[in-house]
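Novice: Dropping a structure here in structure tokens format, bear with me for questions.
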Amino acid sequence: MGFLRVIRKWALRDKMPIREIARRTGVSRNTIKKYLRAGIVEPEFQRPDRPSKLDPYAEKLTAWLLSEQRKTRKERRT
């Protein structure tokens, strides 16, 4: 469930005060008012596609995990 969806549900359906919503979420009252006024569902963040640092090792890691999964509980590494 999305963050803004919860805020909108508490404010509109449950008639919870903005101050109580701010206390529960840890977000300022001004930000909650802005979210309720805007009527947006979820904020859209533009994230560039970045390769992970683990991408070169992904195949090796999945092979290790599969081999560990097949072992008994006491033989597995933690």
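Identifiers in this document derive from the order of the structure tokens: chains are assigned A, B, ..., residues are numbered from 1 separately in each chain, and ligands are numbered from 1 in order of occurrence.
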Out of chain A, which residues get helix (DSSP H, G or I) from DSSP, as a PyMOL selection string?

Specialist: chain A and resi 3-13+18-25+29-38+55-70

Novice: Do a neighbour search on segment 21-23 of chain A at 12 Å with only C-alpha atoms, toss out local chain neighbours closer than 4 positions, and write the hits as a PDB file with N, CA and C atoms, in the first residue's frame.

Specialist:
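For reference, selection_29.pdb as written:
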```pdb
ATOM      1  N   PHE A   3       2.328   5.091   0.394  1.00  0.00           N
ATOM      2  CA  PHE A   3       2.382   6.029   1.510  1.00  0.00           C
ATOM      3  C   PHE A   3       1.283   7.079   1.396  1.00  0.00           C
ATOM      4  N   LEU A   4       1.122   7.670   0.218  1.00  0.00           N
ATOM      5  CA  LEU A   4       0.104   8.701   0.049  1.00  0.00           C
ATOM      6  C   LEU A   4      -1.301   8.120   0.137  1.00  0.00           C
ATOM      7  N   VAL A   6      -2.206   5.763   2.154  1.00  0.00           N
ATOM      8  CA  VAL A   6      -2.497   5.640   3.581  1.00  0.00           C
ATOM      9  C   VAL A   6      -2.892   6.995   4.151  1.00  0.00           C
ATOM     10  N   ILE A   7      -2.153   8.031   3.787  1.00  0.00           N
ATOM     11  CA  ILE A   7      -2.460   9.380   4.269  1.00  0.00           C
ATOM     12  C   ILE A   7      -3.856   9.796   3.822  1.00  0.00           C
ATOM     13  N   ARG A   8      -4.172   9.562   2.560  1.00  0.00           N
ATOM     14  CA  ARG A   8      -5.495   9.942   2.053  1.00  0.00           C
ATOM     15  C   ARG A   8      -6.592   9.136   2.723  1.00  0.00           C
ATOM     16  N   LYS A   9      -6.351   7.859   2.984  1.00  0.00           N
ATOM     17  CA  LYS A   9      -7.356   7.019   3.647  1.00  0.00           C
ATOM     18  C   LYS A   9      -7.615   7.520   5.055  1.00  0.00           C
ATOM     19  N   TRP A  10      -6.550   7.815   5.798  1.00  0.00           N
ATOM     20  CA  TRP A  10      -6.715   8.302   7.167  1.00  0.00           C
ATOM     21  C   TRP A  10      -7.446   9.639   7.191  1.00  0.00           C
ATOM     22  N   ALA A  11      -7.102  10.524   6.260  1.00  0.00           N
ATOM     23  CA  ALA A  11      -7.690  11.863   6.279  1.00  0.00           C
ATOM     24  C   ALA A  11      -9.130  11.864   5.781  1.00  0.00           C
ATOM     25  N   LEU A  12      -9.396  11.184   4.678  1.00  0.00           N
ATOM     26  CA  LEU A  12     -10.717  11.284   4.060  1.00  0.00           C
ATOM     27  C   LEU A  12     -11.716  10.262   4.598  1.00  0.00           C
ATOM     28  N   ASP A  14     -11.209   7.924   7.364  1.00  0.00           N
ATOM     29  CA  ASP A  14     -11.231   7.774   8.818  1.00  0.00           C
ATOM     30  C   ASP A  14     -11.387   9.101   9.556  1.00  0.00           C
ATOM     31  N   LYS A  15     -11.369  10.216   8.823  1.00  0.00           N
ATOM     32  CA  LYS A  15     -11.522  11.564   9.393  1.00  0.00           C
ATOM     33  C   LYS A  15     -10.515  11.838  10.511  1.00  0.00           C
ATOM     34  N   MET A  16      -9.275  11.365  10.318  1.00  0.00           N
ATOM     35  CA  MET A  16      -8.215  11.579  11.295  1.00  0.00           C
ATOM     36  C   MET A  16      -7.643  12.984  11.106  1.00  0.00           C
ATOM     37  N   PRO A  17      -7.371  13.706  12.198  1.00  0.00           N
ATOM     38  CA  PRO A  17      -6.791  15.048  12.072  1.00  0.00           C
ATOM     39  C   PRO A  17      -5.397  15.012  11.453  1.00  0.00           C
ATOM     40  N   VAL A  27       5.948  12.833   9.165  1.00  0.00           N
ATOM     41  CA  VAL A  27       6.036  13.839   8.104  1.00  0.00           C
ATOM     42  C   VAL A  27       5.395  15.117   8.633  1.00  0.00           C
ATOM     43  N   SER A  28       5.896  16.261   8.209  1.00  0.00           N
ATOM     44  CA  SER A  28       5.370  17.525   8.732  1.00  0.00           C
ATOM     45  C   SER A  28       3.932  17.746   8.276  1.00  0.00           C
ATOM     46  N   ARG A  29       3.222  18.578   9.058  1.00  0.00           N
ATOM     47  CA  ARG A  29       1.815  18.864   8.730  1.00  0.00           C
ATOM     48  C   ARG A  29       1.690  19.584   7.400  1.00  0.00           C
ATOM     49  N   ASN A  30       2.658  20.454   7.103  1.00  0.00           N
ATOM     50  CA  ASN A  30       2.612  21.174   5.830  1.00  0.00           C
ATOM     51  C   ASN A  30       2.714  20.214   4.647  1.00  0.00           C
ATOM     52  N   THR A  31       3.561  19.208   4.769  1.00  0.00           N
ATOM     53  CA  THR A  31       3.715  18.235   3.692  1.00  0.00           C
ATOM     54  C   THR A  31       2.439  17.418   3.517  1.00  0.00           C
ATOM     55  N   ILE A  32       1.810  17.044   4.603  1.00  0.00           N
ATOM     56  CA  ILE A  32       0.570  16.281   4.510  1.00  0.00           C
ATOM     57  C   ILE A  32      -0.527  17.121   3.874  1.00  0.00           C
ATOM     58  N   LYS A  33      -0.618  18.399   4.241  1.00  0.00           N
ATOM     59  CA  LYS A  33      -1.597  19.290   3.617  1.00  0.00           C
ATOM     60  C   LYS A  33      -1.344  19.411   2.122  1.00  0.00           C
ATOM     61  N   TYR A  35       0.101  17.183   0.168  1.00  0.00           N
ATOM     62  CA  TYR A  35      -0.298  15.932  -0.482  1.00  0.00           C
ATOM     63  C   TYR A  35      -1.811  15.850  -0.649  1.00  0.00           C
ATOM     64  N   LEU A  36      -2.551  16.267   0.360  1.00  0.00           N
ATOM     65  CA  LEU A  36      -4.009  16.187   0.286  1.00  0.00           C
ATOM     66  C   LEU A  36      -4.579  17.200  -0.710  1.00  0.00           C
TER      67      LEU A  36
END
```

Novice: My list of candidates is A:Ile18, A:Ile40, A:Arg70, A:Leu61. Which is closest to Arg5 of chain A when distances are computed with only C-alpha atoms?

Specialist: A:Ile40

Novice: If you measure from atom CA of Thr78 of chain A to atom CA of Leu65 of chain A, what distance in Å do you get, rounded to one decimal?

Specialist: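 Taking atom CA of Thr78 of chain A and atom CA of Leu65 of chain A, their separation equals 10.8 Å.
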